[in-house]
$ cat run01.cif   # mmCIF, C-alpha atoms
data_upload
loop_
_atom_site.group_PDB
_atom_site.id
_atom_site.type_symbol
_atom_site.label_atom_id
_atom_site.label_comp_id
_atom_site.auth_asym_id
_atom_site.auth_seq_id
_atom_site.Cartn_x
_atom_site.Cartn_y
_atom_site.Cartn_z
ATOM 1 C CA MET A 1 -19.962 -92.436 15.123
ATOM 2 C CA GLY A 2 -22.209 -91.092 17.819
ATOM 3 C CA THR A 3 -21.438 -90.666 21.480
ATOM 4 C CA TRP A 4 -23.563 -92.423 24.057
ATOM 5 C CA ASP A 5 -22.825 -93.240 27.688
ATOM 6 C CA ILE A 6 -24.392 -92.727 31.107
ATOM 7 C CA GLY A 7 -22.877 -89.359 32.098
ATOM 8 C CA PRO A 8 -24.814 -86.108 31.695
ATOM 9 C CA PHE A 9 -22.472 -84.922 28.917
ATOM 10 C CA GLU A 10 -21.715 -88.279 27.317
ATOM 11 C CA ASN A 11 -24.192 -88.268 24.446
ATOM 12 C CA ASP A 12 -24.488 -86.365 21.190
ATOM 13 C CA MET A 13 -27.341 -84.112 22.251
ATOM 14 C CA ALA A 14 -25.650 -83.013 25.480
ATOM 15 C CA ALA A 15 -22.348 -82.575 23.649
ATOM 16 C CA ASP A 16 -24.115 -80.326 21.125
ATOM 17 C CA PHE A 17 -25.641 -78.369 24.016
ATOM 18 C CA ALA A 18 -22.204 -77.986 25.638
ATOM 19 C CA TYR A 19 -20.751 -76.819 22.321
ATOM 20 C CA ALA A 20 -23.552 -74.267 21.917
ATOM 21 C CA LEU A 21 -22.916 -73.075 25.460
ATOM 22 C CA ASP A 22 -19.196 -72.697 24.738
ATOM 23 C CA GLU A 23 -19.978 -70.694 21.606
ATOM 24 C CA THR A 24 -22.464 -68.445 23.411
ATOM 25 C CA PRO A 25 -21.066 -65.185 24.790
ATOM 26 C CA GLU A 26 -20.401 -65.533 28.504
ATOM 27 C CA ASP A 27 -23.019 -62.967 29.514
ATOM 28 C CA GLU A 28 -25.724 -64.904 27.596
ATOM 29 C CA ARG A 29 -24.980 -68.413 28.904
ATOM 30 C CA GLU A 30 -27.299 -68.199 31.879
ATOM 31 C CA SER A 31 -30.147 -67.347 29.507
ATOM 32 C CA LEU A 32 -29.379 -70.412 27.385
ATOM 33 C CA VAL A 33 -29.458 -72.696 30.427
ATOM 34 C CA ARG A 34 -32.652 -71.058 31.718
ATOM 35 C CA ALA A 35 -34.335 -71.348 28.313
ATOM 36 C CA THR A 36 -33.415 -75.018 28.102
ATOM 37 C CA LEU A 37 -34.841 -75.771 31.537
ATOM 38 C CA THR A 38 -37.935 -73.626 30.979
ATOM 39 C CA ARG A 39 -38.692 -75.395 27.698
ATOM 40 C CA THR A 40 -38.354 -78.737 29.484
ATOM 41 C CA VAL A 41 -40.640 -77.789 32.360
ATOM 42 C CA GLN A 42 -43.258 -76.389 29.993
ATOM 43 C CA THR A 43 -43.433 -79.557 27.907
ATOM 44 C CA ARG A 44 -47.007 -80.812 28.124
ATOM 45 C CA ASP A 45 -46.640 -84.241 26.585
ATOM 46 C CA TYR A 46 -43.757 -86.575 25.944
ATOM 47 C CA LEU A 47 -40.264 -85.116 26.320
ATOM 48 C CA GLU A 48 -38.165 -86.174 23.342
ATOM 49 C CA SER A 49 -34.687 -87.589 23.897
ATOM 50 C CA PRO A 50 -32.721 -84.588 22.540
ATOM 51 C CA GLU A 51 -34.554 -82.152 24.794
ATOM 52 C CA GLY A 52 -34.229 -84.516 27.749
ATOM 53 C CA ALA A 53 -30.483 -84.890 27.215
ATOM 54 C CA GLU A 54 -30.083 -81.112 27.036
ATOM 55 C CA ALA A 55 -32.095 -80.696 30.229
ATOM 56 C CA VAL A 56 -29.975 -83.267 32.082
ATOM 57 C CA ALA A 57 -26.820 -81.453 30.950
ATOM 58 C CA ALA A 58 -28.258 -78.089 32.034
ATOM 59 C CA VAL A 59 -29.190 -79.446 35.467
ATOM 60 C CA ALA A 60 -25.718 -80.979 35.842
ATOM 61 C CA LEU A 61 -24.221 -77.562 35.097
ATOM 62 C CA THR A 62 -26.407 -75.795 37.635
ATOM 63 C CA ASP A 63 -25.636 -78.440 40.250
ATOM 64 C CA ARG A 64 -21.880 -78.160 39.687
ATOM 65 C CA PHE A 65 -22.130 -74.370 39.819
ATOM 66 C CA ARG A 66 -24.053 -74.559 43.089
ATOM 67 C CA MET A 67 -21.557 -77.019 44.591
ATOM 68 C CA ARG A 68 -18.648 -74.776 43.627
ATOM 69 C CA PHE A 69 -20.066 -71.358 44.457
ATOM 70 C CA GLY A 70 -22.919 -72.098 46.842
ATOM 71 C CA ASP A 71 -26.467 -70.843 46.550
ATOM 72 C CA VAL A 72 -25.948 -67.439 44.961
ATOM 73 C CA ALA A 73 -29.712 -66.840 44.852
ATOM 74 C CA SER A 74 -29.819 -66.516 48.624
ATOM 75 C CA ARG A 75 -27.120 -63.808 48.703
#
$ encode --input "run01.cif" --output "structure tokens"
Amino acid sequence: MGTWDIGPFENDMAADFAYALDETPEDERESLVRATLTRTVQTRDYLESPEGAEAVAAVALTDRFRMRFGDVASR
């Protein structure tokens, strides 16, 4: 049975993204998040649901990181 709810990680696509992130070596995780967001921004036409769910999960991660550690880009 699939997973589907309103939270950023409460659907199959986002859960798969989170699993992939967990399985990615720690020093490569930022690249995975960046690639996901870059692919989303560069989409010219309709954004499919799986890619959209991954993008929402990636943005939720970056937002939680920023809330916890502040804006590290400005340091």
$ resolve_selection --input "run01.cif" --expression "the PyMOL selection byres ((chain A and resi 17) around 12)" --output "VMD selection string"
chain A and resid 8 to 16 18 to 24 29 32 to 33 35 to 36 50 to 58 61
$ atom_distance --input "run01.cif" --atom1 "CA of Arg64 (chain A)" --atom2 "CA of Glu30 (chain A)"
13.8 Å
$ closest_residue --input "run01.cif" --among "A:Phe65, A:Val59, A:Gly70, A:Ile6" --to "Leu37 (chain A)" --atoms "all atoms listed in the file"
A:Val59
$ atom_distance --input "run01.cif" --atom1 "CA of Arg34 (chain A)" --atom2 "CA of Asp63 (chain A)"
13.3 Å
$ atom_distance --input "run01.cif" --atom1 "CA of Asp45 (chain A)" --atom2 "CA of Ser31 (chain A)"
23.8 Å
$ build_atoms --input "run01.cif" --residues "region 24-56 of chain A" --atoms "N, CA and C atoms" --output "mmCIF file, in the coordinates of the input"
data_model
loop_
_atom_site.group_PDB
_atom_site.id
_atom_site.type_symbol
_atom_site.label_atom_id
_atom_site.label_comp_id
_atom_site.auth_asym_id
_atom_site.auth_seq_id
_atom_site.Cartn_x
_atom_site.Cartn_y
_atom_site.Cartn_z
ATOM 1 N N THR A 24 -21.618 -69.559 22.986
ATOM 2 C CA THR A 24 -22.464 -68.445 23.411
ATOM 3 C C THR A 24 -21.623 -67.456 24.219
ATOM 4 N N PRO A 25 -21.794 -66.165 23.979
ATOM 5 C CA PRO A 25 -21.066 -65.185 24.790
ATOM 6 C C PRO A 25 -21.330 -65.418 26.280
ATOM 7 N N GLU A 26 -20.322 -65.211 27.080
ATOM 8 C CA GLU A 26 -20.401 -65.533 28.504
ATOM 9 C C GLU A 26 -21.593 -64.888 29.204
ATOM 10 N N ASP A 27 -21.911 -63.654 28.853
ATOM 11 C CA ASP A 27 -23.019 -62.967 29.514
ATOM 12 C C ASP A 27 -24.396 -63.462 29.069
ATOM 13 N N GLU A 28 -24.455 -64.353 28.080
ATOM 14 C CA GLU A 28 -25.724 -64.904 27.596
ATOM 15 C C GLU A 28 -25.902 -66.374 27.956
ATOM 16 N N ARG A 29 -24.924 -66.975 28.605
ATOM 17 C CA ARG A 29 -24.980 -68.413 28.904
ATOM 18 C C ARG A 29 -26.067 -68.765 29.910
ATOM 19 N N GLU A 30 -26.246 -67.928 30.905
ATOM 20 C CA GLU A 30 -27.299 -68.199 31.879
ATOM 21 C C GLU A 30 -28.661 -68.250 31.187
ATOM 22 N N SER A 31 -28.880 -67.366 30.244
ATOM 23 C CA SER A 31 -30.147 -67.347 29.507
ATOM 24 C C SER A 31 -30.354 -68.629 28.719
ATOM 25 N N LEU A 32 -29.278 -69.158 28.136
ATOM 26 C CA LEU A 32 -29.379 -70.412 27.385
ATOM 27 C C LEU A 32 -29.763 -71.566 28.305
ATOM 28 N N VAL A 33 -29.137 -71.635 29.467
ATOM 29 C CA VAL A 33 -29.458 -72.696 30.427
ATOM 30 C C VAL A 33 -30.894 -72.534 30.918
ATOM 31 N N ARG A 34 -31.279 -71.307 31.253
ATOM 32 C CA ARG A 34 -32.652 -71.058 31.718
ATOM 33 C C ARG A 34 -33.684 -71.418 30.643
ATOM 34 N N ALA A 35 -33.400 -71.044 29.407
ATOM 35 C CA ALA A 35 -34.335 -71.348 28.313
ATOM 36 C C ALA A 35 -34.475 -72.851 28.124
ATOM 37 N N THR A 36 -33.380 -73.565 28.240
ATOM 38 C CA THR A 36 -33.415 -75.018 28.102
ATOM 39 C C THR A 36 -34.273 -75.639 29.193
ATOM 40 N N LEU A 37 -34.066 -75.211 30.424
ATOM 41 C CA LEU A 37 -34.841 -75.771 31.537
ATOM 42 C C LEU A 37 -36.304 -75.342 31.490
ATOM 43 N N THR A 38 -36.562 -74.110 31.094
ATOM 44 C CA THR A 38 -37.935 -73.626 30.979
ATOM 45 C C THR A 38 -38.694 -74.412 29.916
ATOM 46 N N ARG A 39 -38.066 -74.618 28.771
ATOM 47 C CA ARG A 39 -38.692 -75.395 27.698
ATOM 48 C C ARG A 39 -39.019 -76.805 28.180
ATOM 49 N N THR A 40 -38.137 -77.383 28.968
ATOM 50 C CA THR A 40 -38.354 -78.737 29.484
ATOM 51 C C THR A 40 -39.531 -78.771 30.448
ATOM 52 N N VAL A 41 -39.573 -77.833 31.356
ATOM 53 C CA VAL A 41 -40.640 -77.789 32.360
ATOM 54 C C VAL A 41 -41.998 -77.522 31.712
ATOM 55 N N GLN A 42 -42.001 -76.746 30.645
ATOM 56 C CA GLN A 42 -43.258 -76.389 29.993
ATOM 57 C C GLN A 42 -43.755 -77.436 29.011
ATOM 58 N N THR A 43 -43.002 -78.494 28.814
ATOM 59 C CA THR A 43 -43.433 -79.557 27.907
ATOM 60 C C THR A 43 -44.681 -80.224 28.461
ATOM 61 N N ARG A 44 -45.719 -80.271 27.673
ATOM 62 C CA ARG A 44 -47.007 -80.812 28.124
ATOM 63 C C ARG A 44 -47.100 -82.321 27.948
ATOM 64 N N ASP A 45 -46.518 -82.824 26.887
ATOM 65 C CA ASP A 45 -46.640 -84.241 26.585
ATOM 66 C C ASP A 45 -45.297 -84.931 26.792
ATOM 67 N N TYR A 46 -44.982 -85.791 25.889
ATOM 68 C CA TYR A 46 -43.757 -86.575 25.944
ATOM 69 C C TYR A 46 -42.530 -85.712 25.676
ATOM 70 N N LEU A 47 -41.522 -85.836 26.511
ATOM 71 C CA LEU A 47 -40.264 -85.116 26.320
ATOM 72 C C LEU A 47 -39.362 -85.966 25.427
ATOM 73 N N GLU A 48 -39.021 -85.443 24.277
ATOM 74 C CA GLU A 48 -38.165 -86.174 23.342
ATOM 75 C C GLU A 48 -36.749 -86.305 23.885
ATOM 76 N N SER A 49 -36.035 -87.305 23.421
ATOM 77 C CA SER A 49 -34.687 -87.589 23.897
ATOM 78 C C SER A 49 -33.721 -86.407 23.771
ATOM 79 N N PRO A 50 -33.670 -85.709 22.632
ATOM 80 C CA PRO A 50 -32.721 -84.588 22.540
ATOM 81 C C PRO A 50 -32.966 -83.511 23.596
ATOM 82 N N GLU A 51 -34.226 -83.163 23.803
ATOM 83 C CA GLU A 51 -34.554 -82.152 24.794
ATOM 84 C C GLU A 51 -34.258 -82.651 26.207
ATOM 85 N N GLY A 52 -34.528 -83.929 26.444
ATOM 86 C CA GLY A 52 -34.229 -84.516 27.749
ATOM 87 C C GLY A 52 -32.735 -84.522 28.039
ATOM 88 N N ALA A 53 -31.943 -84.866 27.040
ATOM 89 C CA ALA A 53 -30.483 -84.890 27.215
ATOM 90 C C ALA A 53 -29.954 -83.488 27.483
ATOM 91 N N GLU A 54 -30.491 -82.499 26.783
ATOM 92 C CA GLU A 54 -30.083 -81.112 27.036
ATOM 93 C C GLU A 54 -30.465 -80.684 28.447
ATOM 94 N N ALA A 55 -31.643 -81.068 28.884
ATOM 95 C CA ALA A 55 -32.095 -80.696 30.229
ATOM 96 C C ALA A 55 -31.214 -81.335 31.300
ATOM 97 N N VAL A 56 -30.852 -82.593 31.118
ATOM 98 C CA VAL A 56 -29.975 -83.267 32.082
ATOM 99 C C VAL A 56 -28.625 -82.559 32.138
#
